[in-house]
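One file, input.txt, carrying compact mmCIF, C-alpha atoms and all ligand atoms:
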```txt
# COMPACT_ATOMS: atom_id res chain seq x y z
CA MET A 1 -51.74 114.66 173.78
CA PRO A 2 -54.63 112.13 173.75
CA VAL A 3 -56.17 111.19 170.44
CA LYS A 4 -57.37 114.56 169.19
CA ASP A 5 -60.74 113.16 167.99
CA GLU A 6 -61.69 112.41 171.55
CA LEU A 7 -61.32 116.05 172.54
CA THR A 8 -64.01 118.69 172.21
CA SER A 9 -63.22 121.73 170.06
CA GLU A 10 -62.99 123.81 173.25
CA GLN A 11 -60.45 121.41 174.79
CA LYS A 12 -58.37 121.49 171.60
CA LEU A 13 -58.49 125.30 171.54
CA ILE A 14 -57.41 125.60 175.18
CA ALA A 15 -54.54 123.13 174.65
CA ASP A 16 -53.37 124.85 171.44
CA THR A 17 -53.51 128.28 173.06
CA PHE A 18 -51.61 127.06 176.11
CA GLU A 19 -48.97 125.38 173.95
CA GLU A 20 -48.49 128.57 171.96
CA TYR A 21 -48.04 130.48 175.22
CA CYS A 22 -45.42 127.94 176.39
CA ARG A 23 -43.60 128.12 173.05
CA THR A 24 -43.44 131.90 173.06
CA ARG A 25 -43.17 132.76 176.76
CA ILE A 26 -41.63 129.78 178.56
CA THR A 27 -39.08 128.30 176.13
CA PRO A 28 -37.31 131.59 175.26
CA ASN A 29 -36.82 132.41 178.97
CA GLN A 30 -36.06 128.91 180.24
CA GLU A 31 -32.24 128.99 180.19
CA ARG A 32 -32.10 132.45 181.79
CA TRP A 33 -34.47 131.46 184.62
CA ILE A 34 -32.43 128.36 185.28
CA SER A 35 -29.11 130.21 185.31
CA GLU A 36 -30.56 132.86 187.68
CA ARG A 37 -31.96 130.04 189.88
CA LYS A 38 -34.94 132.29 190.66
CA PHE A 39 -38.57 131.18 190.41
CA PRO A 40 -40.17 133.58 187.88
CA ARG A 41 -43.31 134.75 189.69
CA SER A 42 -44.51 136.38 186.48
CA VAL A 43 -45.78 132.96 185.33
CA MET A 44 -48.27 133.05 188.22
CA LYS A 45 -49.81 136.18 186.68
CA ASP A 46 -49.96 134.48 183.28
CA LEU A 47 -51.70 131.46 184.77
CA SER A 48 -54.10 133.67 186.68
CA GLU A 49 -55.25 135.08 183.34
CA MET A 50 -55.43 131.74 181.52
CA VAL A 51 -56.21 128.97 183.99
CA PHE A 52 -56.74 129.80 187.66
CA GLY A 53 -60.29 131.19 187.50
CA ALA A 54 -61.60 128.45 185.22
CA MET A 55 -59.94 125.80 187.36
CA LEU A 56 -61.93 126.82 190.42
CA GLY A 57 -65.02 127.72 188.38
CA GLU A 58 -64.71 131.36 189.48
CA GLY A 59 -66.13 133.79 186.93
CA SER A 60 -66.51 131.06 184.30
CA GLU A 61 -67.55 127.45 183.87
CA LYS A 62 -65.38 125.06 185.87
CA MET A 63 -62.61 123.48 183.83
CA ASP A 64 -62.89 119.69 183.54
CA GLU A 65 -60.04 117.39 184.60
CA VAL A 66 -59.28 116.27 181.03
CA THR A 67 -58.59 119.88 179.99
CA LEU A 68 -56.53 120.42 183.12
CA GLY A 69 -54.65 117.21 182.24
CA LEU A 70 -53.79 118.61 178.81
CA ILE A 71 -52.31 121.64 180.57
CA SER A 72 -50.36 119.46 183.05
CA GLU A 73 -48.90 117.44 180.16
CA LEU A 74 -47.89 120.61 178.27
CA MET A 75 -46.36 122.01 181.45
CA GLY A 76 -44.09 118.97 181.57
CA LYS A 77 -43.30 119.17 177.87
CA TYR A 78 -42.17 122.79 178.27
CA GLU A 79 -40.68 122.30 181.77
CA PHE A 80 -43.03 124.83 183.31
CA PRO A 81 -41.77 126.15 186.67
CA VAL A 82 -42.85 123.48 189.17
CA PRO A 83 -43.94 125.85 192.02
CA ALA A 84 -46.63 127.25 189.70
CA PHE A 85 -47.68 123.76 188.53
CA LEU A 86 -48.08 122.58 192.13
CA THR A 87 -49.91 125.75 193.19
CA MET A 88 -52.44 125.16 190.43
CA HIS A 89 -53.25 121.73 191.85
CA PHE A 90 -53.11 122.51 195.58
CA ALA A 91 -55.51 125.41 194.93
CA LYS A 92 -58.28 122.81 194.70
CA LEU A 93 -58.16 122.80 198.50
CA LEU A 94 -58.90 126.54 198.86
CA PRO A 95 -62.71 126.22 198.42
CA PHE A 96 -62.70 123.89 201.45
CA ILE A 97 -61.39 126.58 203.84
CA GLU A 98 -64.04 126.56 206.54
CA ASP A 99 -64.24 130.30 207.32
CA ARG A 100 -65.99 132.26 204.56
CA GLU A 101 -64.04 135.51 204.89
CA THR A 102 -60.69 133.71 205.14
CA ARG A 103 -61.63 131.58 202.14
CA SER A 104 -62.52 134.50 199.89
CA GLY A 105 -59.34 136.36 200.94
CA TYR A 106 -57.05 133.50 199.91
CA ILE A 107 -59.02 132.71 196.75
CA GLU A 108 -58.73 136.36 195.69
CA ARG A 109 -54.96 136.32 196.16
CA TYR A 110 -54.78 133.08 194.19
CA LEU A 111 -56.93 134.41 191.34
CA ASN A 112 -54.66 137.46 191.14
CA GLY A 113 -51.61 135.23 190.82
CA ASP A 114 -50.33 136.39 194.22
CA LEU A 115 -50.42 133.12 196.14
CA VAL A 116 -47.84 130.37 195.75
CA ILE A 117 -49.03 127.27 197.63
CA CYS A 118 -46.97 124.30 198.73
CA GLY A 119 -48.16 121.07 200.32
CA ALA A 120 -46.36 120.11 203.53
CA PHE A 121 -47.23 116.54 204.52
CA THR A 122 -43.98 114.57 204.70
CA GLU A 123 -41.99 114.62 207.93
CA PRO A 124 -38.43 113.51 208.73
CA GLY A 125 -39.88 110.29 210.23
CA HIS A 126 -42.97 109.73 208.04
CA GLY A 127 -43.37 109.74 204.26
CA SER A 128 -45.37 106.90 202.75
CA ASP A 129 -47.14 106.39 206.08
CA SER A 130 -48.52 109.91 205.93
CA SER A 131 -51.26 109.19 208.47
CA SER A 132 -48.60 108.65 211.17
CA ILE A 133 -47.44 112.29 211.28
CA THR A 134 -46.43 113.85 214.59
CA THR A 135 -46.80 117.59 213.85
CA THR A 136 -49.51 118.78 216.24
CA ALA A 137 -52.03 121.62 216.23
CA ASP A 138 -53.64 122.37 219.55
CA LEU A 139 -56.81 124.45 219.35
CA GLN A 140 -56.67 127.10 222.06
CA GLY A 141 -59.64 129.48 221.77
CA LYS A 142 -59.57 131.04 218.30
CA GLU A 143 -56.12 129.81 217.31
CA PHE A 144 -54.20 126.62 216.77
CA ALA A 145 -50.70 126.31 218.23
CA VAL A 146 -48.69 124.33 215.65
CA ASN A 147 -45.51 122.44 216.54
CA GLY A 148 -43.44 120.02 214.48
CA GLU A 149 -41.42 119.67 211.31
CA LYS A 150 -42.09 118.89 207.65
CA ALA A 151 -39.32 117.66 205.34
CA PHE A 152 -38.60 116.93 201.66
CA VAL A 153 -41.27 119.42 200.60
CA SER A 154 -41.34 121.04 197.14
CA SER A 155 -40.94 124.83 196.96
CA PRO A 156 -40.99 125.85 200.63
CA GLY A 157 -38.65 128.74 199.79
CA ASN A 158 -40.97 130.10 197.11
CA ALA A 159 -44.31 129.63 198.83
CA ASP A 160 -46.57 132.22 200.44
CA VAL A 161 -48.61 129.58 202.25
CA PHE A 162 -48.31 125.94 203.23
CA VAL A 163 -51.13 123.44 203.36
CA ALA A 164 -49.90 121.46 206.35
CA SER A 165 -51.23 118.16 207.67
CA VAL A 166 -51.40 118.30 211.48
CA ARG A 167 -52.53 115.98 214.24
CA THR A 168 -55.55 117.42 216.06
CA ALA A 169 -57.23 114.35 217.58
CA LYS A 170 -57.59 114.25 221.34
CA THR A 171 -60.23 111.60 221.93
CA ALA A 172 -60.71 108.11 220.51
CA GLU A 173 -63.73 109.39 218.61
CA ASP A 174 -61.62 112.13 216.96
CA LYS A 175 -59.18 109.46 215.81
CA GLN A 176 -61.87 107.65 213.84
CA TYR A 177 -60.93 109.51 210.63
CA ALA A 178 -57.15 109.46 211.29
CA GLY A 179 -57.48 112.52 213.58
CA ILE A 180 -55.61 114.71 211.12
CA SER A 181 -56.60 118.20 209.98
CA LEU A 182 -55.33 120.46 207.21
CA LEU A 183 -54.28 124.00 208.01
CA LEU A 184 -53.30 126.86 205.75
CA VAL A 185 -50.24 128.45 207.35
CA ASP A 186 -48.71 131.75 206.20
CA VAL A 187 -44.97 131.58 205.62
CA THR A 188 -44.65 134.91 207.48
CA ALA A 189 -46.31 133.61 210.68
CA LYS A 190 -44.12 133.92 213.78
CA GLY A 191 -42.40 130.63 214.58
CA VAL A 192 -42.23 129.38 210.96
CA GLU A 193 -38.72 128.58 209.77
CA THR A 194 -37.98 127.17 206.32
CA TYR A 195 -34.74 125.52 205.27
CA GLU A 196 -33.37 124.33 201.96
CA THR A 197 -32.34 120.76 201.12
CA GLU A 198 -30.57 120.61 197.80
CA ASN A 199 -31.88 117.69 195.76
CA MET A 200 -30.68 116.15 192.49
CA ALA A 201 -33.19 118.13 190.42
CA SER A 202 -33.16 121.54 192.14
CA VAL A 203 -33.73 124.28 189.58
CA PHE A 204 -34.68 127.37 191.58
CA LYS A 205 -33.43 128.48 194.95
CA GLY A 206 -35.88 127.32 197.63
CA ASP A 207 -37.13 124.44 195.44
CA PHE A 208 -36.96 121.75 198.09
CA GLY A 209 -36.59 121.54 201.83
CA GLY A 210 -38.34 121.61 205.16
CA ILE A 211 -40.38 123.74 207.51
CA ARG A 212 -40.14 123.93 211.31
CA PHE A 213 -43.17 125.10 213.26
CA SER A 214 -42.46 126.36 216.80
CA ASN A 215 -45.65 127.36 218.56
CA VAL A 216 -47.01 128.95 215.40
CA ALA A 217 -50.36 130.66 216.01
CA VAL A 218 -52.74 129.84 213.13
CA PRO A 219 -56.26 131.32 213.12
CA ALA A 220 -58.96 128.66 213.63
CA GLY A 221 -60.57 129.94 210.40
CA ASN A 222 -57.59 128.66 208.40
CA ILE A 223 -58.68 125.06 208.77
CA ILE A 224 -59.36 123.32 205.43
CA GLY A 225 -62.25 120.88 205.57
CA GLU A 226 -63.55 119.41 208.81
CA MET A 227 -61.54 119.15 212.00
CA ASN A 228 -59.93 115.68 212.35
CA ARG A 229 -61.11 114.61 208.90
CA GLY A 230 -58.49 116.42 206.81
CA PHE A 231 -56.66 113.24 205.88
CA HIS A 232 -59.61 111.96 203.87
CA LEU A 233 -59.97 115.25 202.04
CA LEU A 234 -56.23 115.24 201.30
CA MET A 235 -56.33 111.69 199.92
CA LYS A 236 -59.26 112.65 197.70
CA ILE A 237 -57.36 115.62 196.24
CA LEU A 238 -54.05 113.72 195.95
CA ASN A 239 -55.80 110.85 194.16
CA VAL A 240 -56.34 112.90 191.00
CA GLN A 241 -53.29 115.12 191.56
CA ARG A 242 -51.17 111.99 191.05
CA VAL A 243 -52.47 111.74 187.49
CA HIS A 244 -51.46 115.35 186.80
CA VAL A 245 -48.01 114.75 188.29
CA ALA A 246 -47.65 111.70 186.04
CA LEU A 247 -48.77 113.77 183.05
CA TYR A 248 -46.11 116.38 183.84
CA SER A 249 -43.54 113.57 183.78
CA ILE A 250 -45.04 112.14 180.58
CA GLY A 251 -44.62 115.63 179.08
CA LEU A 252 -40.91 115.55 180.01
CA ALA A 253 -40.67 112.21 178.19
CA GLU A 254 -42.47 113.51 175.08
CA ALA A 255 -40.10 116.46 174.77
CA SER A 256 -37.15 114.11 175.19
CA LEU A 257 -38.52 111.72 172.54
CA ASP A 258 -38.94 114.63 170.09
CA ASP A 259 -35.33 115.67 170.71
CA ALA A 260 -33.97 112.11 170.48
CA ILE A 261 -35.85 111.34 167.24
CA SER A 262 -34.54 114.53 165.58
CA TYR A 263 -31.02 113.81 166.77
CA ALA A 264 -31.08 110.15 165.66
CA ARG A 265 -31.94 111.28 162.13
CA ILE A 266 -28.88 113.50 161.81
CA ARG A 267 -26.25 111.82 163.97
CA LYS A 268 -24.16 109.52 161.81
CA THR A 269 -21.92 106.68 162.93
CA PHE A 270 -20.14 104.29 160.58
CA GLY A 271 -21.51 106.32 157.70
CA ARG A 272 -25.24 106.09 158.53
CA PRO A 273 -27.75 107.97 160.69
CA ILE A 274 -28.21 106.12 163.99
CA SER A 275 -32.00 106.06 163.31
CA LYS A 276 -31.16 103.36 160.77
CA ARG A 277 -29.73 101.17 163.53
CA GLN A 278 -32.41 98.84 164.78
CA ALA A 279 -31.11 98.97 168.37
CA VAL A 280 -31.63 102.74 168.48
CA ALA A 281 -34.91 102.89 166.57
CA PHE A 282 -36.56 99.97 168.41
CA ARG A 283 -35.58 101.38 171.80
CA LEU A 284 -37.36 104.63 170.98
CA ALA A 285 -40.28 102.77 169.36
CA GLU A 286 -40.81 100.85 172.61
CA ASP A 287 -40.62 104.06 174.66
CA TRP A 288 -43.07 105.81 172.34
CA THR A 289 -45.51 102.91 172.84
CA ARG A 290 -45.19 103.01 176.63
CA ILE A 291 -45.76 106.77 176.65
CA GLU A 292 -48.84 106.38 174.45
CA ALA A 293 -50.16 103.69 176.81
CA SER A 294 -49.45 105.89 179.85
CA ARG A 295 -51.30 108.77 178.26
CA LEU A 296 -54.32 106.60 177.52
CA LEU A 297 -54.37 105.42 181.14
CA ALA A 298 -54.03 109.00 182.38
CA PHE A 299 -56.87 110.43 180.30
CA LYS A 300 -59.07 107.45 181.13
CA ALA A 301 -58.56 108.17 184.85
CA LEU A 302 -59.36 111.85 184.27
CA ARG A 303 -62.50 111.05 182.26
CA MET A 304 -63.65 108.82 185.13
CA GLN A 305 -62.99 111.73 187.51
CA ASP A 306 -65.09 114.05 185.33
CA ASN A 307 -67.89 111.45 185.33
CA GLY A 308 -67.76 111.14 189.12
CA GLU A 309 -66.65 107.47 188.96
CA GLU A 310 -64.46 105.80 191.60
CA ASN A 311 -60.96 105.77 190.06
CA SER A 312 -58.39 105.24 192.83
CA ALA A 313 -56.84 102.15 191.14
CA GLN A 314 -56.68 103.90 187.76
CA CYS A 315 -55.04 107.02 189.28
CA ALA A 316 -52.52 104.86 191.16
CA SER A 317 -51.70 102.87 188.02
CA VAL A 318 -50.98 106.07 186.08
CA LYS A 319 -48.76 107.36 188.86
CA TRP A 320 -46.47 104.31 188.88
CA TYR A 321 -46.66 103.15 185.28
CA GLY A 322 -46.68 106.65 183.78
CA CYS A 323 -43.82 107.99 185.93
CA GLU A 324 -41.76 104.82 185.49
CA SER A 325 -42.28 104.79 181.71
CA ALA A 326 -41.47 108.51 181.57
CA PHE A 327 -38.23 108.10 183.53
CA ASN A 328 -37.13 105.08 181.44
CA THR A 329 -37.96 106.98 178.25
CA VAL A 330 -35.96 110.05 179.26
CA SER A 331 -33.09 107.73 180.21
CA ASP A 332 -33.20 106.01 176.78
CA CYS A 333 -33.34 109.40 175.04
CA LEU A 334 -30.28 110.49 176.99
CA GLN A 335 -28.60 107.28 175.80
CA THR A 336 -29.49 108.16 172.20
CA PHE A 337 -27.47 111.36 172.54
CA GLY A 338 -24.45 109.50 173.92
CA ALA A 339 -22.06 111.78 175.80
CA ALA A 340 -23.84 114.85 174.42
CA GLY A 341 -26.88 113.88 176.51
CA TYR A 342 -24.88 113.45 179.69
CA VAL A 343 -23.61 117.03 179.97
CA LYS A 344 -25.15 119.74 182.13
CA SER A 345 -26.05 121.92 179.17
CA SER A 346 -28.32 119.19 177.76
CA PRO A 347 -32.06 119.62 178.52
CA ILE A 348 -32.35 115.84 178.60
CA GLU A 349 -29.93 115.64 181.52
CA ARG A 350 -32.19 118.09 183.40
CA ARG A 351 -35.36 116.19 182.49
CA PHE A 352 -33.71 112.92 183.55
CA ARG A 353 -33.13 114.28 187.06
CA ALA A 354 -36.65 115.76 187.25
CA ALA A 355 -38.34 112.56 186.02
CA ARG A 356 -36.49 110.58 188.71
CA GLY A 357 -38.04 112.76 191.41
CA PHE A 358 -41.57 112.16 190.12
CA LEU A 359 -41.08 108.46 190.85
CA ILE A 360 -40.94 109.35 194.57
CA GLY A 361 -42.92 112.57 195.14
CA ASP A 362 -46.70 112.17 195.64
CA GLY A 363 -46.25 108.49 196.45
CA THR A 364 -43.80 105.82 195.29
CA PRO A 365 -44.69 103.01 192.83
CA ASP A 366 -44.83 100.57 195.78
CA ILE A 367 -47.51 102.64 197.46
CA GLN A 368 -49.48 102.91 194.21
CA LYS A 369 -49.36 99.12 193.89
CA LEU A 370 -50.70 98.88 197.47
CA ILE A 371 -53.66 101.04 196.41
CA ILE A 372 -54.29 98.86 193.34
CA SER A 373 -53.97 95.67 195.43
CA ARG A 374 -56.58 96.98 197.86
CA LYS A 375 -58.93 97.39 194.93
CA LEU A 376 -58.19 93.86 193.69
CA PHE A 377 -58.27 91.96 196.98
CA GLY A 378 -60.13 94.24 199.40
CA ARG A 379 -58.26 96.11 202.16
CA GLU A 380 -58.26 93.16 204.61
CA ASN A 381 -56.65 90.74 202.12
CA ALA A 382 -54.20 93.18 200.53
CA PRO A 383 -50.55 93.77 201.55
CA GLN A 384 -50.03 96.45 204.24
C1 LIG B 401 -39.15 115.31 194.02
C2 LIG B 401 -39.92 115.15 195.30
C3 LIG B 401 -40.90 116.07 195.60
C4 LIG B 401 -41.61 115.96 196.80
N1 LIG B 401 -42.52 116.92 197.12
C5 LIG B 401 -43.20 116.84 198.28
C6 LIG B 401 -44.14 117.86 198.65
O1 LIG B 401 -44.35 118.83 197.91
N2 LIG B 401 -44.76 117.75 199.84
C7 LIG B 401 -44.55 116.71 200.68
O2 LIG B 401 -45.16 116.67 201.74
N3 LIG B 401 -43.67 115.72 200.37
C8 LIG B 401 -42.99 115.77 199.19
N4 LIG B 401 -42.08 114.79 198.86
C9 LIG B 401 -41.87 113.67 199.75
C10 LIG B 401 -42.54 112.41 199.22
O3 LIG B 401 -43.94 112.52 199.28
C11 LIG B 401 -42.02 111.22 200.04
O4 LIG B 401 -40.63 111.14 199.81
C12 LIG B 401 -42.69 109.92 199.63
O5 LIG B 401 -44.04 109.91 200.04
C13 LIG B 401 -41.96 108.69 200.20
O6 LIG B 401 -41.72 108.84 201.55
P1 LIG B 401 -40.25 108.60 202.15
O7 LIG B 401 -39.28 109.35 201.32
O8 LIG B 401 -40.30 108.89 203.60
O9 LIG B 401 -39.97 107.07 201.92
P2 LIG B 401 -40.46 105.88 202.87
O10 LIG B 401 -41.91 106.02 203.16
O11 LIG B 401 -39.54 105.77 204.02
O12 LIG B 401 -40.25 104.63 201.92
C14 LIG B 401 -38.96 104.10 201.66
C15 LIG B 401 -39.08 102.97 200.64
O13 LIG B 401 -39.91 101.92 201.16
C16 LIG B 401 -41.00 101.66 200.29
N5 LIG B 401 -42.18 101.39 201.11
C17 LIG B 401 -42.62 102.10 202.16
N6 LIG B 401 -43.73 101.57 202.67
C18 LIG B 401 -44.00 100.48 201.92
C19 LIG B 401 -45.04 99.49 201.92
N7 LIG B 401 -46.03 99.52 202.81
N8 LIG B 401 -45.01 98.51 200.97
C20 LIG B 401 -44.02 98.47 200.05
N9 LIG B 401 -43.00 99.37 200.00
C21 LIG B 401 -43.01 100.37 200.91
C22 LIG B 401 -41.16 102.94 199.48
O14 LIG B 401 -41.77 102.67 198.23
C23 LIG B 401 -39.73 103.41 199.34
O15 LIG B 401 -39.12 102.77 198.25
C24 LIG B 401 -41.34 114.88 197.68
C25 LIG B 401 -40.34 113.96 197.36
C26 LIG B 401 -39.63 114.09 196.19
C27 LIG B 401 -38.55 113.11 195.87
```

Show how you would write the structure in this file as structure tokens.
Amino acid sequence: MPVKDELTSEQKLIADTFEEYCRTRITPNQERWISERKFPRSVMKDLSEMVFGAMLGEGSEKMDEVTLGLISELMGKYEFPVPAFLTMHFAKLLPFIEDRETRSGYIERYLNGDLVICGAFTEPGHGSDSSSITTTADLQGKEFAVNGEKAFVSSPGNADVFVASVRTAKTAEDKQYAGISLLLVDVTAKGVETYETENMASVFKGDFGGIRFSNVAVPAGNIIGEMNRGFHLLMKILNVQRVHVALYSIGLAEASLDDAISYARIRKTFGRPISKRQAVAFRLAEDWTRIEASRLLAFKALRMQDNGEENSAQCASVKWYGCESAFNTVSDCLQTFGAAGYVKSSPIERRFRAARGFLIGDGTPDIQKLIISRKLFGRENAPQ
């Protein structure tokens, strides 16, 4: 967590309460959930009581990004089920649903813990170049007809709805803002087909995969933000979401450091605890420093967000530096355990695979460095 003195008493209370919940309700069930390979939807209900309302400012004061960041970090530390973590962040798009009745319907389901949301932007042919998508949505009267395919998406098999990026531009003028719109598509809509792609960090069934849309009729009221300008809204939301994703990964690293430090104290080789070997202790000391630095960067970016300051370079730097430091830390912690860290029953082995994924999902380090370069040199002089 960031230096405690910099937090308000309310932020400390929320973080402490959330950590206690994770300790008592997540950790004891973790192994069972993983062995059953089933996303525990009960955590959505828990979050609806603790976080969801405050996050959207419904029924209480809106939660600031720093507080939300503390929750994201704790979610990583306790390996909170990822579909719920992602839902919490994608829900920021719900208030932008254009149609009032549709909006309040989805927000109500979300506040009740009955709406798992996944973001479907990547396609088989387009990942980093997310403005080049080919999935189309043709507005015909009061409905869009959606056709195309999304791939490498988190949690399609557990979601109730997808926020899908779709191409809607017809004229040159429409294309001015990338000509992309965002639609909320129900998983039960006719013509939606999801498929699973097993990845190296799959925990629950349906964790990762794709979605095919064949002439799916989506009500016009399900558009999020303005027609043809969805890409800009998405980039705005993803900008800060990247910091939360990095904090989740930083949380994985913190838990691994705790485990490795405890283990290094008791594991003896050649008659001494390995913590007394400089190679082992210095490796973890360096990791601890990088994680502290990542955390400082992350909470700085979130404070800027709360103050309404432009922070795209800071968010991008957290996403690459934080996720890279987190992955390297988990890897070094695994090394500290020797063979005992390399086995399937070791939580570090699981965190290692998860932390690797965070180096790709929500934008690779290369793309984050592009964003930072644009800030340094201006878009016209930066790499493409
Ligand atoms: C764990 C995980 C979860 C994910 N979850 C989701 C999700 O929920 N929803 C979703 O829509 N997608 C999701 N994705 C997909 C993810 O967003 C894409 O994989 C990512 O944006 C990269 O796209 P790509 O895989 O097509 O790689 P590509 O874009 O093909 O890139 C390939 C390589 O080239 C590099 N590269 C590309 N362009 C440039 C450039 N201009 N300059 C320098 N280097 C460049 C990249 O850094 C990368 O190393 C997830 C992926 C993973 C691994």

Env. residues ligand LIG 401 (chain B) / 8 Å / only C-alpha atoms and all ligand atoms / as an MDAnalysis selection string: chainID A and resid 86 118:130 150:155 199 201 208 354 356:367 370 383:384

Protein, DNA and RNA residues within 10 Å of (-43.2, 122.9, 188.6), all atoms listed in the file, as a PyMOL selection string: chain A and resi 39+72+75-76+79-88+154-155+203+207+245+248+354

Selection export as a compact mmCIF listing (two decimals), keeping the file's coordinate frame, atoms kept: C-alpha atoms:
```
# COMPACT_ATOMS: atom_id res chain seq x y z
CA PHE A 39 -38.57 131.18 190.41
CA SER A 72 -50.36 119.46 183.05
CA MET A 75 -46.36 122.01 181.45
CA GLY A 76 -44.09 118.97 181.57
CA GLU A 79 -40.68 122.30 181.77
CA PHE A 80 -43.03 124.83 183.31
CA PRO A 81 -41.77 126.15 186.67
CA VAL A 82 -42.85 123.48 189.17
CA PRO A 83 -43.94 125.85 192.02
CA ALA A 84 -46.63 127.25 189.70
CA PHE A 85 -47.68 123.76 188.53
CA LEU A 86 -48.08 122.58 192.13
CA THR A 87 -49.91 125.75 193.19
CA MET A 88 -52.44 125.16 190.43
CA SER A 154 -41.34 121.04 197.14
CA SER A 155 -40.94 124.83 196.96
CA VAL A 203 -33.73 124.28 189.58
CA ASP A 207 -37.13 124.44 195.44
CA VAL A 245 -48.01 114.75 188.29
CA TYR A 248 -46.11 116.38 183.84
CA ALA A 354 -36.65 115.76 187.25
```

Tell me which protein, DNA and RNA residues are within 10 Å of Ala313 (chain A), counting all atoms listed in the file, leaving out same-chain ones fewer than 4 positions away, and put them as a PDB file with C-alpha atoms, in the coordinates of the input.
```pdb
ATOM      1  CA  ASN A 239     -55.800 110.850 194.160  1.00  0.00           C
ATOM      2  CA  ALA A 301     -58.560 108.170 184.850  1.00  0.00           C
ATOM      3  CA  SER A 317     -51.700 102.870 188.020  1.00  0.00           C
ATOM      4  CA  VAL A 318     -50.980 106.070 186.080  1.00  0.00           C
ATOM      5  CA  LYS A 319     -48.760 107.360 188.860  1.00  0.00           C
ATOM      6  CA  GLN A 368     -49.480 102.910 194.210  1.00  0.00           C
ATOM      7  CA  LYS A 369     -49.360  99.120 193.890  1.00  0.00           C
ATOM      8  CA  LEU A 370     -50.700  98.880 197.470  1.00  0.00           C
ATOM      9  CA  ILE A 371     -53.660 101.040 196.410  1.00  0.00           C
ATOM     10  CA  ILE A 372     -54.290  98.860 193.340  1.00  0.00           C
ATOM     11  CA  SER A 373     -53.970  95.670 195.430  1.00  0.00           C
ATOM     12  CA  ARG A 374     -56.580  96.980 197.860  1.00  0.00           C
ATOM     13  CA  LYS A 375     -58.930  97.390 194.930  1.00  0.00           C
ATOM     14  CA  LEU A 376     -58.190  93.860 193.690  1.00  0.00           C
TER      15      LEU A 376
END
```

Closest of A:Gln305, A:Asn311, A:Ser181, A:Ser249 to Leu234 (chain A) - atom-to-atom distances counting all atoms listed in the file: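 Closest to Leu234 (chain A) of all the choices is A:Ser181.
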
For Leu70 (chain A): contacts at 12 Å, only C-alpha atoms, fewer than 6 positions along chain excluded, given as a PyMOL selection string: chain A and resi 1-4+7+10-19+51+63-64+76-77+243-248+250-251+295+298-299+302

Between CA of Asn112 (chain A) and CA of Lys62 (chain A), distance in Å (one decimal): 17.2 Å
